[in-house]
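Undergrad: Here it is: the structure, laid out below.
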Amino acid sequence: AGQQGSLAMSSAGTLCKELTARLASIESTSALVADLHLLSSSDAAFLQPSTAASPAFAAAWPEEQQLDEEGMSEPFLALAAAALEADARVQKRCSRLVPKKLSEATFWRNYSSALHAVLFPQEPAVPAAGAGGDAAAAAESAADAAAEAMTKLRLSPSGEGGEGGAAALPAPSFARAAGDLQSSGALSREKVLRFATGIAAVLMSDGTIDYLASLPPEAMPARCIALQREYLEHCGIEQEH
């Protein structure tokens, strides 16, 4: 048993180092910055482990893992520092939720699983031909995972008027992917999956629903389409692809 515990600690520490290195490599203009900020926009990513993280995450960082154990404390402190530097709102979530809602160890494990899902996305296996039920289940699972990681949106001012001339709520906005957008050629499965699951989560989020409800009814369809086109650029795809 002691040998297994040491292996788990070593694996969790290695995982922390990988996440820290990945966070440090993110440029300020990267679309990942917006994805990280989406995680901290609600409590969801901190209260439950992400279902979008790879099975390897749960194996490397078990629920019973303590943050102050040998082989874990130093890598964890480095990860926490990198996470707070990347998104200061994480500290506010921690202060509000720990220990009232959950322990510090659980808080960081849950958030790290969400980080892992964003920074090291897993592409679902392609189902065998004829496995329609399995394909539908996989698609539903991917959508649920995206909804968990993208529960709420960054908001920016909107000048559109709502019913009776009242100002509409702020419109959702998305950071444009860094570099050149793909304007031709076949899209990768990974890119299509990111767009499809991501925009589904966006359109079903509380922020988007409240925003669309604040618009005149005749304006809602056009705005839904516009949001999808803008989200294409967030995923690195030219709108007119």
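Identifiers in the structure tokens: chain A, B, ... in order shown; residue index from 1 per chain; ligand index from 1 in order shown.
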Just the residues within 12 Å of region 36-42 of chain A, please, counting only C-alpha atoms, with nothing from its chain fewer than 6 positions along; format it as a ChimeraX atom specification.
TA: /A:23,26,28,30,48,50,83-94,96-97,110-119,146-155,172-175,198,201-202,205-207
Undergrad: List the spatial neighbours of region 232-241 of chain A as a PDB file with N, CA and C atoms, in the first residue's frame - criterion: any atom at most 12 Å away, only C-alpha atoms, same-chain residues fewer than 3 positions off excluded.
TA:
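Okay, this is what ended up in result13.pdb:
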```
ATOM      1  N   THR A  29      -2.073  36.516 -26.032  1.00  0.00           N
ATOM      2  CA  THR A  29      -3.033  36.633 -27.129  1.00  0.00           C
ATOM      3  C   THR A  29      -3.676  35.294 -27.491  1.00  0.00           C
ATOM      4  N   SER A  30      -3.290  34.236 -26.809  1.00  0.00           N
ATOM      5  CA  SER A  30      -3.822  32.912 -27.131  1.00  0.00           C
ATOM      6  C   SER A  30      -5.298  32.798 -26.774  1.00  0.00           C
ATOM      7  N   ALA A  31      -6.038  32.037 -27.579  1.00  0.00           N
ATOM      8  CA  ALA A  31      -7.450  31.785 -27.291  1.00  0.00           C
ATOM      9  C   ALA A  31      -7.614  31.017 -25.986  1.00  0.00           C
ATOM     10  N   LEU A  32      -6.566  30.339 -25.546  1.00  0.00           N
ATOM     11  CA  LEU A  32      -6.633  29.594 -24.294  1.00  0.00           C
ATOM     12  C   LEU A  32      -6.845  30.514 -23.102  1.00  0.00           C
ATOM     13  N   VAL A  33      -6.409  31.761 -23.201  1.00  0.00           N
ATOM     14  CA  VAL A  33      -6.597  32.709 -22.099  1.00  0.00           C
ATOM     15  C   VAL A  33      -8.088  32.884 -21.818  1.00  0.00           C
ATOM     16  N   ALA A  34      -8.873  33.035 -22.878  1.00  0.00           N
ATOM     17  CA  ALA A  34     -10.319  33.175 -22.707  1.00  0.00           C
ATOM     18  C   ALA A  34     -10.922  31.896 -22.131  1.00  0.00           C
ATOM     19  N   ASP A  35     -10.422  30.749 -22.571  1.00  0.00           N
ATOM     20  CA  ASP A  35     -10.924  29.475 -22.059  1.00  0.00           C
ATOM     21  C   ASP A  35     -10.647  29.336 -20.567  1.00  0.00           C
ATOM     22  N   SER A 173     -18.796  37.678 -25.862  1.00  0.00           N
ATOM     23  CA  SER A 173     -17.714  37.937 -26.814  1.00  0.00           C
ATOM     24  C   SER A 173     -16.630  36.890 -26.633  1.00  0.00           C
ATOM     25  N   PHE A 174     -15.851  36.669 -27.683  1.00  0.00           N
ATOM     26  CA  PHE A 174     -14.841  35.614 -27.667  1.00  0.00           C
ATOM     27  C   PHE A 174     -13.524  36.154 -28.197  1.00  0.00           C
ATOM     28  N   ALA A 175     -12.449  35.794 -27.552  1.00  0.00           N
ATOM     29  CA  ALA A 175     -11.129  36.203 -28.032  1.00  0.00           C
ATOM     30  C   ALA A 175     -10.821  35.492 -29.344  1.00  0.00           C
ATOM     31  N   ARG A 176     -10.359  36.241 -30.329  1.00  0.00           N
ATOM     32  CA  ARG A 176      -9.974  35.648 -31.610  1.00  0.00           C
ATOM     33  C   ARG A 176      -8.717  34.819 -31.420  1.00  0.00           C
ATOM     34  N   ALA A 177      -8.666  33.667 -32.044  1.00  0.00           N
ATOM     35  CA  ALA A 177      -7.490  32.799 -31.926  1.00  0.00           C
ATOM     36  C   ALA A 177      -6.253  33.526 -32.437  1.00  0.00           C
ATOM     37  N   ALA A 178      -5.136  33.280 -31.779  1.00  0.00           N
ATOM     38  CA  ALA A 178      -3.890  33.913 -32.186  1.00  0.00           C
ATOM     39  C   ALA A 178      -3.417  33.361 -33.535  1.00  0.00           C
ATOM     40  N   GLY A 179      -2.724  34.206 -34.305  1.00  0.00           N
ATOM     41  CA  GLY A 179      -2.180  33.752 -35.584  1.00  0.00           C
ATOM     42  C   GLY A 179      -3.201  33.779 -36.701  1.00  0.00           C
ATOM     43  N   ASP A 180      -2.846  33.161 -37.818  1.00  0.00           N
ATOM     44  CA  ASP A 180      -3.727  33.132 -38.982  1.00  0.00           C
ATOM     45  C   ASP A 180      -4.865  32.151 -38.773  1.00  0.00           C
ATOM     46  N   LEU A 181      -6.060  32.543 -39.197  1.00  0.00           N
ATOM     47  CA  LEU A 181      -7.211  31.654 -39.119  1.00  0.00           C
ATOM     48  C   LEU A 181      -7.223  30.728 -40.328  1.00  0.00           C
ATOM     49  N   GLN A 182      -7.738  29.520 -40.152  1.00  0.00           N
ATOM     50  CA  GLN A 182      -7.830  28.586 -41.279  1.00  0.00           C
ATOM     51  C   GLN A 182      -8.957  29.031 -42.202  1.00  0.00           C
ATOM     52  N   SER A 183      -8.638  29.275 -43.445  1.00  0.00           N
ATOM     53  CA  SER A 183      -9.633  29.772 -44.407  1.00  0.00           C
ATOM     54  C   SER A 183      -9.909  28.789 -45.536  1.00  0.00           C
ATOM     55  N   SER A 184      -9.155  27.702 -45.609  1.00  0.00           N
ATOM     56  CA  SER A 184      -9.371  26.725 -46.671  1.00  0.00           C
ATOM     57  C   SER A 184      -8.881  25.355 -46.205  1.00  0.00           C
ATOM     58  N   GLY A 185      -9.232  24.346 -46.974  1.00  0.00           N
ATOM     59  CA  GLY A 185      -8.792  22.993 -46.640  1.00  0.00           C
ATOM     60  C   GLY A 185      -9.712  22.325 -45.632  1.00  0.00           C
ATOM     61  N   ALA A 186      -9.523  21.033 -45.472  1.00  0.00           N
ATOM     62  CA  ALA A 186     -10.370  20.262 -44.548  1.00  0.00           C
ATOM     63  C   ALA A 186     -10.030  20.609 -43.106  1.00  0.00           C
ATOM     64  N   LEU A 187     -11.051  20.728 -42.284  1.00  0.00           N
ATOM     65  CA  LEU A 187     -10.870  20.995 -40.867  1.00  0.00           C
ATOM     66  C   LEU A 187     -10.531  19.689 -40.142  1.00  0.00           C
ATOM     67  N   SER A 188      -9.660  19.777 -39.157  1.00  0.00           N
ATOM     68  CA  SER A 188      -9.324  18.591 -38.378  1.00  0.00           C
ATOM     69  C   SER A 188     -10.504  18.197 -37.499  1.00  0.00           C
ATOM     70  N   GLU A 190     -10.387  17.416 -34.446  1.00  0.00           N
ATOM     71  CA  GLU A 190     -10.237  18.095 -33.167  1.00  0.00           C
ATOM     72  C   GLU A 190     -10.842  19.498 -33.215  1.00  0.00           C
ATOM     73  N   LYS A 191     -10.594  20.220 -34.318  1.00  0.00           N
ATOM     74  CA  LYS A 191     -11.099  21.587 -34.438  1.00  0.00           C
ATOM     75  C   LYS A 191     -12.624  21.600 -34.572  1.00  0.00           C
ATOM     76  N   VAL A 192     -13.162  20.660 -35.339  1.00  0.00           N
ATOM     77  CA  VAL A 192     -14.617  20.572 -35.486  1.00  0.00           C
ATOM     78  C   VAL A 192     -15.265  20.234 -34.155  1.00  0.00           C
ATOM     79  N   LEU A 193     -14.662  19.305 -33.423  1.00  0.00           N
ATOM     80  CA  LEU A 193     -15.210  18.899 -32.132  1.00  0.00           C
ATOM     81  C   LEU A 193     -15.178  20.061 -31.148  1.00  0.00           C
ATOM     82  N   ARG A 194     -14.085  20.821 -31.164  1.00  0.00           N
ATOM     83  CA  ARG A 194     -13.988  21.957 -30.247  1.00  0.00           C
ATOM     84  C   ARG A 194     -15.069  22.989 -30.557  1.00  0.00           C
ATOM     85  N   PHE A 195     -15.285  23.264 -31.855  1.00  0.00           N
ATOM     86  CA  PHE A 195     -16.317  24.246 -32.212  1.00  0.00           C
ATOM     87  C   PHE A 195     -17.710  23.748 -31.842  1.00  0.00           C
ATOM     88  N   ALA A 196     -18.029  22.510 -32.222  1.00  0.00           N
ATOM     89  CA  ALA A 196     -19.382  21.996 -32.030  1.00  0.00           C
ATOM     90  C   ALA A 196     -19.760  21.902 -30.557  1.00  0.00           C
ATOM     91  N   THR A 197     -18.868  21.335 -29.751  1.00  0.00           N
ATOM     92  CA  THR A 197     -19.183  21.203 -28.330  1.00  0.00           C
ATOM     93  C   THR A 197     -19.118  22.549 -27.621  1.00  0.00           C
ATOM     94  N   GLY A 198     -18.177  23.389 -28.034  1.00  0.00           N
ATOM     95  CA  GLY A 198     -18.034  24.695 -27.399  1.00  0.00           C
ATOM     96  C   GLY A 198     -19.219  25.607 -27.655  1.00  0.00           C
ATOM     97  N   ILE A 199     -19.660  25.702 -28.917  1.00  0.00           N
ATOM     98  CA  ILE A 199     -20.763  26.616 -29.223  1.00  0.00           C
ATOM     99  C   ILE A 199     -22.069  26.115 -28.617  1.00  0.00           C
ATOM    100  N   ILE A 225     -26.884  33.336 -35.007  1.00  0.00           N
ATOM    101  CA  ILE A 225     -25.991  33.029 -36.121  1.00  0.00           C
ATOM    102  C   ILE A 225     -24.686  33.810 -35.983  1.00  0.00           C
ATOM    103  N   ALA A 226     -24.798  35.096 -35.604  1.00  0.00           N
ATOM    104  CA  ALA A 226     -23.600  35.925 -35.457  1.00  0.00           C
ATOM    105  C   ALA A 226     -22.682  35.379 -34.369  1.00  0.00           C
ATOM    106  N   LEU A 227     -23.257  34.911 -33.267  1.00  0.00           N
ATOM    107  CA  LEU A 227     -22.442  34.331 -32.197  1.00  0.00           C
ATOM    108  C   LEU A 227     -21.682  33.108 -32.690  1.00  0.00           C
ATOM    109  N   GLN A 228     -22.343  32.282 -33.495  1.00  0.00           N
ATOM    110  CA  GLN A 228     -21.690  31.084 -34.018  1.00  0.00           C
ATOM    111  C   GLN A 228     -20.542  31.454 -34.963  1.00  0.00           C
ATOM    112  N   ARG A 229     -20.762  32.474 -35.771  1.00  0.00           N
ATOM    113  CA  ARG A 229     -19.713  32.915 -36.698  1.00  0.00           C
ATOM    114  C   ARG A 229     -18.521  33.480 -35.920  1.00  0.00           C
TER     115      ARG A 229
END
```
Undergrad: For Arg223 (chain A), which residue among A:Pro55, A:Ala200, A:Ala171, A:Leu15 is the nearest when counting only C-alpha atoms?
TA: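 When distances to Arg223 (chain A) are compared using only C-alpha atoms, the smallest one comes from A:Ala171.
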Undergrad: Find the residues around region 74-79 of chain A up to 8 Å (only C-alpha atoms counted), leave out those fewer than 3 positions away in its own chain, and share them as a PyMOL selection string.
TA: chain A and resi 13-14+16-17+19-20+67+71+82-83
Undergrad: Have a look at CA of Ala12 (chain A) and CA of Ala80 (chain A) and let me know their distance in Å, one decimal.
TA: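 Result for CA of Ala12 (chain A) versus CA of Ala80 (chain A): 13.5 Å, one decimal.
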Undergrad: Please identify which residues in region 71-107 of chain A DSSP calls helix (DSSP H, G or I) from the backbone, and express them as a ChimeraX atom specification.
TA: /A:73-86,89-97,104-107
Undergrad: If I take CA of Pro99 (chain A) and CA of Ser54 (chain A), how far is one from the other in Å, to one decimal?
TA: 27.0 Å
Undergrad: Using only C-alpha atoms, which of A:Arg189, A:Lys100, A:Arg109, A:Arg22 sits nearest Pro62 (chain A)?
TA: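 When distances to Pro62 (chain A) are compared using only C-alpha atoms, the smallest one comes from A:Arg109.
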Undergrad: Any idea what the distance is between CA of Ala24 (chain A) and CA of Glu104 (chain A)?
TA: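 CA of Glu104 (chain A) lies at a distance of 22.8 Å from CA of Ala24 (chain A).
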Undergrad: Considering only C-alpha atoms, can you say which of A:Met72, A:Leu47, A:Ala81, A:Ala58 comes closest to Thr106 (chain A)?
TA: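 Answer, going by the shortest atom-to-atom distance: A:Leu47.
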